[in-house]
Amino acid sequence: NRETNDAVARACTERGILCNCADAPKDSSFIVPALVEQGNIAIALSTGGASPALARKIREDLETWLGERYTGISELLMRLRPLVLALHHETRQNTTLFRSIVDSPLSEALQRRDRQTCESLLRELLPIELHPYIMELLHDLA
């Protein structure tokens with residue numbers, strides 16, 4: 001009932017209470033995005049209230065496309081990040097390192113569980129101080 005929903009939205013606004021009006025997004029104080037989760041990766045999406053059905057369809061398509069594609073690289077980066085930060089290099093240097101890893105063929109090698117290629121790539125990409133951690137980083141991933 002539009003009249004009841006308007007009254008609830010007004011009452012929430014007056015009391016500083018968050019309110020989501022699925023059928024009237026402009027009256028809402030927040031949205032509930034469709035969420036795609038795969039391992040450490042979460043993608044939130046919204047159609048701005050225009051079509052929850054479309055948001056659901058896009059979410060399903062993303063889930064299919066994403067599959068296990070980034071599971072290995074995501075886990076490896078989660079393991080690697082504290083080691084890199086512990087080196088206390090400049091942020092710019094860390095950013096360059098992480099981007100080079102993400103842009104490398106490492107993700108595909110992890111998907112294939114090609115340990116030799118993964119080790120070789122990490123030896124090329126990582127600072128020498130982190131080479132002793134390569135086996136630990138790849139444990140159960142390749």
# chains A, B, ... in the order shown; residues from 1 in each chain; ligands from 1
$ select_by_dssp --residues "segment 42-116 of chain A" --states "helix (DSSP H, G or I)" --output "ChimeraX atom specification"
/A:52-66,71-86,91-103,106-112,115-116
$ residues_around --residues "Asn94 of chain A" --least-positions-apart "3" --cutoff "12 Å" --atoms "only C-alpha atoms" --output "number ranges by chain"
A: 80-91, 97-101, 125-127
$ closest_residue --among "A:Thr71, A:Ser46, A:Ser51, A:Thr117" --to "Ser104 of chain A" --atoms "only C-alpha atoms"
A:Thr117
$ residues_around --residues "Pro25 of chain A" --least-positions-apart "3" --cutoff "12 Å" --atoms "only C-alpha atoms" --output "MDAnalysis selection string"
chainID A and resid 5:6 9 19:22 28:33 46:52
$ residues_around --residues "Lys57 of chain A" --least-positions-apart "3" --cutoff "12 Å" --atoms "only C-alpha atoms" --output "VMD selection string"
chain A and resid 34 to 36 45 to 47 51 to 54 60 to 64
$ decode --residues "segment 107-127 of chain A" --atoms "N, CA, C and O atoms" --output "PDB file, in the first residue's frame"
ATOM      1  N   SER A 107      47.479 -15.500 -12.192  1.00  0.00           N
ATOM      2  CA  SER A 107      46.118 -15.970 -11.900  1.00  0.00           C
ATOM      3  C   SER A 107      45.784 -17.204 -12.739  1.00  0.00           C
ATOM      4  O   SER A 107      45.242 -18.189 -12.225  1.00  0.00           O
ATOM      5  N   GLU A 108      46.125 -17.154 -14.019  1.00  0.00           N
ATOM      6  CA  GLU A 108      45.843 -18.293 -14.904  1.00  0.00           C
ATOM      7  C   GLU A 108      46.666 -19.514 -14.493  1.00  0.00           C
ATOM      8  O   GLU A 108      46.176 -20.646 -14.519  1.00  0.00           O
ATOM      9  N   ALA A 109      47.937 -19.286 -14.127  1.00  0.00           N
ATOM     10  CA  ALA A 109      48.783 -20.397 -13.685  1.00  0.00           C
ATOM     11  C   ALA A 109      48.219 -21.029 -12.411  1.00  0.00           C
ATOM     12  O   ALA A 109      48.245 -22.253 -12.256  1.00  0.00           O
ATOM     13  N   LEU A 110      47.712 -20.206 -11.515  1.00  0.00           N
ATOM     14  CA  LEU A 110      47.089 -20.738 -10.302  1.00  0.00           C
ATOM     15  C   LEU A 110      45.841 -21.544 -10.638  1.00  0.00           C
ATOM     16  O   LEU A 110      45.600 -22.596 -10.038  1.00  0.00           O
ATOM     17  N   GLN A 111      45.043 -21.062 -11.587  1.00  0.00           N
ATOM     18  CA  GLN A 111      43.843 -21.811 -11.990  1.00  0.00           C
ATOM     19  C   GLN A 111      44.225 -23.185 -12.536  1.00  0.00           C
ATOM     20  O   GLN A 111      43.520 -24.165 -12.285  1.00  0.00           O
ATOM     21  N   ARG A 112      45.336 -23.239 -13.277  1.00  0.00           N
ATOM     22  CA  ARG A 112      45.804 -24.515 -13.848  1.00  0.00           C
ATOM     23  C   ARG A 112      46.555 -25.355 -12.812  1.00  0.00           C
ATOM     24  O   ARG A 112      46.920 -26.486 -13.090  1.00  0.00           O
ATOM     25  N   ARG A 113      46.796 -24.754 -11.639  1.00  0.00           N
ATOM     26  CA  ARG A 113      47.591 -25.382 -10.581  1.00  0.00           C
ATOM     27  C   ARG A 113      48.976 -25.770 -11.104  1.00  0.00           C
ATOM     28  O   ARG A 113      49.532 -26.816 -10.778  1.00  0.00           O
ATOM     29  N   ASP A 114      49.539 -24.863 -11.909  1.00  0.00           N
ATOM     30  CA  ASP A 114      50.853 -25.025 -12.517  1.00  0.00           C
ATOM     31  C   ASP A 114      51.902 -24.436 -11.575  1.00  0.00           C
ATOM     32  O   ASP A 114      52.274 -23.270 -11.681  1.00  0.00           O
ATOM     33  N   ARG A 115      52.350 -25.255 -10.661  1.00  0.00           N
ATOM     34  CA  ARG A 115      53.254 -24.797  -9.603  1.00  0.00           C
ATOM     35  C   ARG A 115      54.556 -24.232 -10.153  1.00  0.00           C
ATOM     36  O   ARG A 115      55.047 -23.218  -9.670  1.00  0.00           O
ATOM     37  N   GLN A 116      55.126 -24.883 -11.137  1.00  0.00           N
ATOM     38  CA  GLN A 116      56.402 -24.433 -11.688  1.00  0.00           C
ATOM     39  C   GLN A 116      56.291 -23.019 -12.254  1.00  0.00           C
ATOM     40  O   GLN A 116      57.131 -22.160 -11.978  1.00  0.00           O
ATOM     41  N   THR A 117      55.253 -22.762 -13.011  1.00  0.00           N
ATOM     42  CA  THR A 117      55.044 -21.422 -13.580  1.00  0.00           C
ATOM     43  C   THR A 117      54.778 -20.411 -12.474  1.00  0.00           C
ATOM     44  O   THR A 117      55.299 -19.297 -12.508  1.00  0.00           O
ATOM     45  N   CYS A 118      53.978 -20.794 -11.482  1.00  0.00           N
ATOM     46  CA  CYS A 118      53.686 -19.895 -10.355  1.00  0.00           C
ATOM     47  C   CYS A 118      54.972 -19.502  -9.626  1.00  0.00           C
ATOM     48  O   CYS A 118      55.203 -18.321  -9.344  1.00  0.00           O
ATOM     49  N   GLU A 119      55.806 -20.500  -9.337  1.00  0.00           N
ATOM     50  CA  GLU A 119      57.072 -20.214  -8.650  1.00  0.00           C
ATOM     51  C   GLU A 119      57.942 -19.289  -9.488  1.00  0.00           C
ATOM     52  O   GLU A 119      58.512 -18.319  -8.966  1.00  0.00           O
ATOM     53  N   SER A 120      58.050 -19.566 -10.758  1.00  0.00           N
ATOM     54  CA  SER A 120      58.871 -18.756 -11.656  1.00  0.00           C
ATOM     55  C   SER A 120      58.373 -17.312 -11.713  1.00  0.00           C
ATOM     56  O   SER A 120      59.166 -16.362 -11.618  1.00  0.00           O
ATOM     57  N   LEU A 121      57.078 -17.143 -11.846  1.00  0.00           N
ATOM     58  CA  LEU A 121      56.500 -15.791 -11.898  1.00  0.00           C
ATOM     59  C   LEU A 121      56.736 -15.040 -10.601  1.00  0.00           C
ATOM     60  O   LEU A 121      57.091 -13.854 -10.605  1.00  0.00           O
ATOM     61  N   LEU A 122      56.545 -15.709  -9.474  1.00  0.00           N
ATOM     62  CA  LEU A 122      56.752 -15.044  -8.191  1.00  0.00           C
ATOM     63  C   LEU A 122      58.219 -14.658  -7.991  1.00  0.00           C
ATOM     64  O   LEU A 122      58.517 -13.594  -7.446  1.00  0.00           O
ATOM     65  N   ARG A 123      59.136 -15.486  -8.477  1.00  0.00           N
ATOM     66  CA  ARG A 123      60.563 -15.129  -8.373  1.00  0.00           C
ATOM     67  C   ARG A 123      60.866 -13.884  -9.216  1.00  0.00           C
ATOM     68  O   ARG A 123      61.694 -13.064  -8.831  1.00  0.00           O
ATOM     69  N   GLU A 124      60.184 -13.745 -10.338  1.00  0.00           N
ATOM     70  CA  GLU A 124      60.368 -12.558 -11.188  1.00  0.00           C
ATOM     71  C   GLU A 124      59.747 -11.311 -10.558  1.00  0.00           C
ATOM     72  O   GLU A 124      60.315 -10.229 -10.644  1.00  0.00           O
ATOM     73  N   LEU A 125      58.589 -11.486  -9.950  1.00  0.00           N
ATOM     74  CA  LEU A 125      57.787 -10.342  -9.507  1.00  0.00           C
ATOM     75  C   LEU A 125      58.100  -9.852  -8.094  1.00  0.00           C
ATOM     76  O   LEU A 125      58.041  -8.656  -7.827  1.00  0.00           O
ATOM     77  N   LEU A 126      58.393 -10.779  -7.196  1.00  0.00           N
ATOM     78  CA  LEU A 126      58.551 -10.407  -5.785  1.00  0.00           C
ATOM     79  C   LEU A 126      59.944  -9.866  -5.487  1.00  0.00           C
ATOM     80  O   LEU A 126      60.929 -10.305  -6.087  1.00  0.00           O
ATOM     81  N   PRO A 127      60.024  -8.956  -4.520  1.00  0.00           N
ATOM     82  CA  PRO A 127      61.341  -8.531  -4.052  1.00  0.00           C
ATOM     83  C   PRO A 127      62.083  -9.748  -3.507  1.00  0.00           C
ATOM     84  O   PRO A 127      61.465 -10.665  -2.945  1.00  0.00           O
TER      85      PRO A 127
END
